[in-house]
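First the structure, in the form of structure tokens, and then the observations on it.
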Amino acid sequence: MEKTVIFMAAIALLVSTSCPVHAQTISSPTPSPAPAPAPAYVNLTELLGVAGPFHTFLNYLESSKIIDTFQNQANNTEEGITLFVPQDGAFASLKKSMLSNLTQDQLKSILLFHALPHYYSLSDFKNLSQMGSIPTLAGGQYTLNFTDISGTIHLTSGWSNTKISSSVLSTAPVALYEINKVLLPEAIFGTDIPPTPAPAPAPEIAPSADSPADLPKSEKSPSSSISPSSSYRMISVSIWSQFSLAILGGVVVMLREGI
């Protein structure tokens, strides 16, 4: 009986000493990593207003409300946005009728045509140049083609051929690239693309067919080889000859009358 009591007491003592250790092991879990901070909000209106000569493009975006679409794509999606922003001079070089004759829906499509629904750094365009036509935010047939020529990115829309002249901003989720032409899509302007005018040739003045320079030496006018002094002597001799003949004629008349 005593052995049983002693055995039970030993078991109780063992259990009482092991439980706190077990509890301490369970109560210290590994801390989870802190979540990554959210990217800062990008205000495209402020950025385009101060980053360069983009006032014309910004005015079109604001009047058509397309700026709200770009803002939402930049700040509320995981894809981000890539914008190709024409300089003010690019709009000034267009014929006034190119944009003024468009409907509001066509104008909005052109503005959306200047954006890709994904963030692309400059290094990404090397891969894009091997992928053919890239869809824009305008969707459908509104695609762009890219070519990487010695590190310079060229864009073509059918009607427009231009290149990225500078990087205004390239930090995810927004990339802004400056271009020097407005991107005009074939889906609006058709496939009858006007050819690039060739440079005018330098004017050439052809010599006259009767010019002495074109005649052989043997056929050149004798007067072309007479010096000014020789001409003067010939004129003087001619005058004196006529004067002498006049005097001689007068003498002859007088002699006849005397006879």
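A note on labels: chains of the structure tokens are A, B, ... as shown, every chain counts residues from 1, and ligands are counted from 1 in their shown order.
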Run DSSP on the backbone of this structure and report the residues of segment 91-167 of chain A it assigns to strand (DSSP E or B), as a ChimeraX atom specification.
/A:115-116,134-135,143-149,152-156,158,161-167
Just N, CA and C atoms for this one: save the residues we selected as a PDB file, in the first residue's frame.
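See result-v9.pdb below for the written result:
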```pdb
ATOM      1  N   ALA A 115      -1.693  54.762 -73.990  1.00  0.00           N
ATOM      2  CA  ALA A 115      -1.430  54.109 -72.706  1.00  0.00           C
ATOM      3  C   ALA A 115      -1.462  52.593 -72.855  1.00  0.00           C
ATOM      4  N   LEU A 116      -0.555  51.935 -72.157  1.00  0.00           N
ATOM      5  CA  LEU A 116      -0.541  50.469 -72.066  1.00  0.00           C
ATOM      6  C   LEU A 116      -1.039  50.070 -70.684  1.00  0.00           C
ATOM      7  N   ILE A 134       1.212  45.159 -79.595  1.00  0.00           N
ATOM      8  CA  ILE A 134       0.916  45.209 -78.158  1.00  0.00           C
ATOM      9  C   ILE A 134      -0.388  45.978 -77.952  1.00  0.00           C
ATOM     10  N   PRO A 135      -1.364  45.414 -77.230  1.00  0.00           N
ATOM     11  CA  PRO A 135      -2.645  46.106 -77.021  1.00  0.00           C
ATOM     12  C   PRO A 135      -2.498  47.321 -76.117  1.00  0.00           C
ATOM     13  N   THR A 143      -3.501  48.892 -81.448  1.00  0.00           N
ATOM     14  CA  THR A 143      -2.262  48.263 -80.986  1.00  0.00           C
ATOM     15  C   THR A 143      -1.060  49.074 -81.434  1.00  0.00           C
ATOM     16  N   LEU A 144       0.057  48.863 -80.742  1.00  0.00           N
ATOM     17  CA  LEU A 144       1.312  49.530 -81.065  1.00  0.00           C
ATOM     18  C   LEU A 144       2.393  48.481 -81.310  1.00  0.00           C
ATOM     19  N   ASN A 145       3.369  48.856 -82.127  1.00  0.00           N
ATOM     20  CA  ASN A 145       4.532  48.002 -82.365  1.00  0.00           C
ATOM     21  C   ASN A 145       5.785  48.735 -81.904  1.00  0.00           C
ATOM     22  N   PHE A 146       6.686  47.998 -81.295  1.00  0.00           N
ATOM     23  CA  PHE A 146       7.896  48.578 -80.735  1.00  0.00           C
ATOM     24  C   PHE A 146       9.126  47.948 -81.383  1.00  0.00           C
ATOM     25  N   THR A 147      10.168  48.767 -81.518  1.00  0.00           N
ATOM     26  CA  THR A 147      11.438  48.300 -82.050  1.00  0.00           C
ATOM     27  C   THR A 147      12.555  48.899 -81.215  1.00  0.00           C
ATOM     28  N   ASP A 148      13.463  48.048 -80.776  1.00  0.00           N
ATOM     29  CA  ASP A 148      14.622  48.498 -80.001  1.00  0.00           C
ATOM     30  C   ASP A 148      15.809  48.594 -80.945  1.00  0.00           C
ATOM     31  N   ILE A 149      16.238  49.821 -81.242  1.00  0.00           N
ATOM     32  CA  ILE A 149      17.371  50.053 -82.138  1.00  0.00           C
ATOM     33  C   ILE A 149      18.500  50.677 -81.332  1.00  0.00           C
ATOM     34  N   THR A 152      17.455  52.586 -78.307  1.00  0.00           N
ATOM     35  CA  THR A 152      16.416  53.598 -78.502  1.00  0.00           C
ATOM     36  C   THR A 152      15.119  52.911 -78.905  1.00  0.00           C
ATOM     37  N   ILE A 153      14.036  53.219 -78.194  1.00  0.00           N
ATOM     38  CA  ILE A 153      12.755  52.555 -78.424  1.00  0.00           C
ATOM     39  C   ILE A 153      11.943  53.347 -79.436  1.00  0.00           C
ATOM     40  N   HIS A 154      11.609  52.698 -80.556  1.00  0.00           N
ATOM     41  CA  HIS A 154      10.799  53.306 -81.605  1.00  0.00           C
ATOM     42  C   HIS A 154       9.382  52.729 -81.549  1.00  0.00           C
ATOM     43  N   LEU A 155       8.373  53.599 -81.776  1.00  0.00           N
ATOM     44  CA  LEU A 155       6.973  53.193 -81.772  1.00  0.00           C
ATOM     45  C   LEU A 155       6.381  53.451 -83.145  1.00  0.00           C
ATOM     46  N   THR A 156       5.498  52.586 -83.562  1.00  0.00           N
ATOM     47  CA  THR A 156       4.757  52.819 -84.796  1.00  0.00           C
ATOM     48  C   THR A 156       3.302  52.440 -84.608  1.00  0.00           C
ATOM     49  N   GLY A 158       1.218  52.847 -87.443  1.00  0.00           N
ATOM     50  CA  GLY A 158       0.723  52.878 -88.799  1.00  0.00           C
ATOM     51  C   GLY A 158       0.829  54.278 -89.367  1.00  0.00           C
ATOM     52  N   ASN A 161       5.150  57.372 -86.716  1.00  0.00           N
ATOM     53  CA  ASN A 161       6.401  56.725 -86.358  1.00  0.00           C
ATOM     54  C   ASN A 161       7.189  57.693 -85.480  1.00  0.00           C
ATOM     55  N   THR A 162       7.460  57.283 -84.269  1.00  0.00           N
ATOM     56  CA  THR A 162       8.147  58.160 -83.335  1.00  0.00           C
ATOM     57  C   THR A 162       9.040  57.329 -82.431  1.00  0.00           C
ATOM     58  N   LYS A 163       9.650  57.955 -81.452  1.00  0.00           N
ATOM     59  CA  LYS A 163      10.521  57.248 -80.523  1.00  0.00           C
ATOM     60  C   LYS A 163      10.424  57.884 -79.142  1.00  0.00           C
ATOM     61  N   ILE A 164      10.841  57.138 -78.144  1.00  0.00           N
ATOM     62  CA  ILE A 164      10.872  57.659 -76.781  1.00  0.00           C
ATOM     63  C   ILE A 164      12.079  58.586 -76.671  1.00  0.00           C
ATOM     64  N   SER A 165      11.818  59.872 -76.466  1.00  0.00           N
ATOM     65  CA  SER A 165      12.904  60.842 -76.391  1.00  0.00           C
ATOM     66  C   SER A 165      13.448  61.001 -74.978  1.00  0.00           C
ATOM     67  N   SER A 166      12.631  60.726 -73.962  1.00  0.00           N
ATOM     68  CA  SER A 166      13.122  60.802 -72.583  1.00  0.00           C
ATOM     69  C   SER A 166      12.164  60.060 -71.658  1.00  0.00           C
ATOM     70  N   SER A 167      12.687  59.654 -70.519  1.00  0.00           N
ATOM     71  CA  SER A 167      11.884  58.983 -69.492  1.00  0.00           C
ATOM     72  C   SER A 167      11.540  59.999 -68.407  1.00  0.00           C
TER      73      SER A 167
END
```
Excluding segment 58-70 of chain A and its own-chain neighbours fewer than 4 positions away, which residues fall within 9 Å of it when counting only C-alpha atoms? Please give them as a list in words.
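After dropping sequence-adjacent residues, the list is Leu44, Thr45, Leu48, Gly49, Phe54, Ala74, Asn75, Ile81, Leu83, Gln104, Leu107, Lys108, Leu111, Leu112 and Ala115 of chain A.
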Would you compute the distance between atom CA of Phe84 of chain A and atom CA of Asp105 of chain A? Give it in Å to one decimal.
19.6 Å
Of A:Leu184, A:Ala90, A:Leu99, A:Leu169, the one sitting nearest Val42 of chain A when using only C-alpha atoms is A:Leu169
Check the smallest atom-to-atom distance from each of A:Ser109, A:Asn127, A:Ser93, A:Gln87 to Ala187 of chain A using only C-alpha atoms, then report the winner.
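Using only C-alpha atoms, the shortest distance to Ala187 of chain A belongs to A:Ser109.
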Counting only C-alpha atoms, the residue of A:Gly140, A:Pro53, A:Gly151, A:Gly190 that sits nearest Phe113 of chain A:
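The answer is A:Gly140, which sits nearest to Phe113 of chain A.
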Can you tell me how far atom CA of Trp159 of chain A sits from atom CA of Ala51 of chain A, in Å to one decimal?
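It comes out at 26.8 Å.
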Of the candidates A:Ser160, A:Gln106, A:Tyr41, A:His55, which one gets nearest to Asn180 of chain A if we count only C-alpha atoms?
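Result for the nearest residue to Asn180 of chain A: A:Ser160.
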Please provide the set of residues having any atom within 9 Å of Ala172 of chain A, restricted to only C-alpha atoms, with same-chain residues fewer than 2 positions apart removed, written as a ChimeraX atom specification.
/A:39,74,80-81,119-121,170,174-175
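Of the listed residues A:Glu46, A:Glu78, A:Glu186, A:Asp88, the one whose atoms come nearest to Tyr142 of chain A is A:Glu186, with distances taken using only C-alpha atoms.
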Where in segment 22-173 of chain A does DSSP assign alpha helix (DSSP H), given as a ChimeraX atom specification?
/A:22-26,44-51,55-64,66-75,88-92,96-100,104-112,125-128
Need the shell around His114 of chain A: protein/DNA/RNA residues with any atom at most 9 Å away, counting only C-alpha atoms. Skip same-chain ones fewer than 6 positions apart. Format as a tab-separated table (two decimals) with N, CA, C and O atoms, in the first residue's frame?
```tsv
chain	number	residue	atom	x	y	z
A	82	THR	N	1.57	52.41	-68.37
A	82	THR	CA	2.67	53.02	-69.12
A	82	THR	C	2.06	54.05	-70.06
A	82	THR	O	1.20	53.71	-70.88
A	83	LEU	N	2.50	55.30	-69.95
A	83	LEU	CA	1.94	56.40	-70.74
A	83	LEU	C	3.00	56.95	-71.70
A	83	LEU	O	4.15	57.15	-71.32
A	84	PHE	N	2.57	57.20	-72.94
A	84	PHE	CA	3.40	57.87	-73.93
A	84	PHE	C	2.83	59.26	-74.13
A	84	PHE	O	1.71	59.41	-74.66
A	85	VAL	N	3.57	60.27	-73.70
A	85	VAL	CA	3.04	61.63	-73.63
A	85	VAL	C	3.65	62.50	-74.73
A	85	VAL	O	4.85	62.76	-74.73
A	86	PRO	N	2.82	62.98	-75.69
A	86	PRO	CA	3.35	63.86	-76.75
A	86	PRO	C	3.63	65.26	-76.21
A	86	PRO	O	2.90	65.78	-75.37
A	136	THR	N	-3.30	48.32	-76.37
A	136	THR	CA	-3.33	49.53	-75.56
A	136	THR	C	-4.62	49.57	-74.75
A	136	THR	O	-5.47	48.70	-74.87
A	137	LEU	N	-4.76	50.62	-73.95
A	137	LEU	CA	-5.98	50.77	-73.16
A	137	LEU	C	-7.21	51.04	-74.03
A	137	LEU	O	-8.34	50.89	-73.57
A	138	ALA	N	-6.99	51.42	-75.29
A	138	ALA	CA	-8.13	51.64	-76.19
A	138	ALA	C	-8.75	50.32	-76.62
A	138	ALA	O	-9.90	50.29	-77.06
A	182	VAL	N	2.17	62.76	-82.06
A	182	VAL	CA	0.90	62.23	-81.59
A	182	VAL	C	0.67	60.88	-82.26
A	182	VAL	O	0.86	60.75	-83.48
A	183	LEU	N	0.27	59.87	-81.49
A	183	LEU	CA	0.02	58.54	-82.04
A	183	LEU	C	-1.37	58.50	-82.68
A	183	LEU	O	-2.38	58.68	-82.00
```
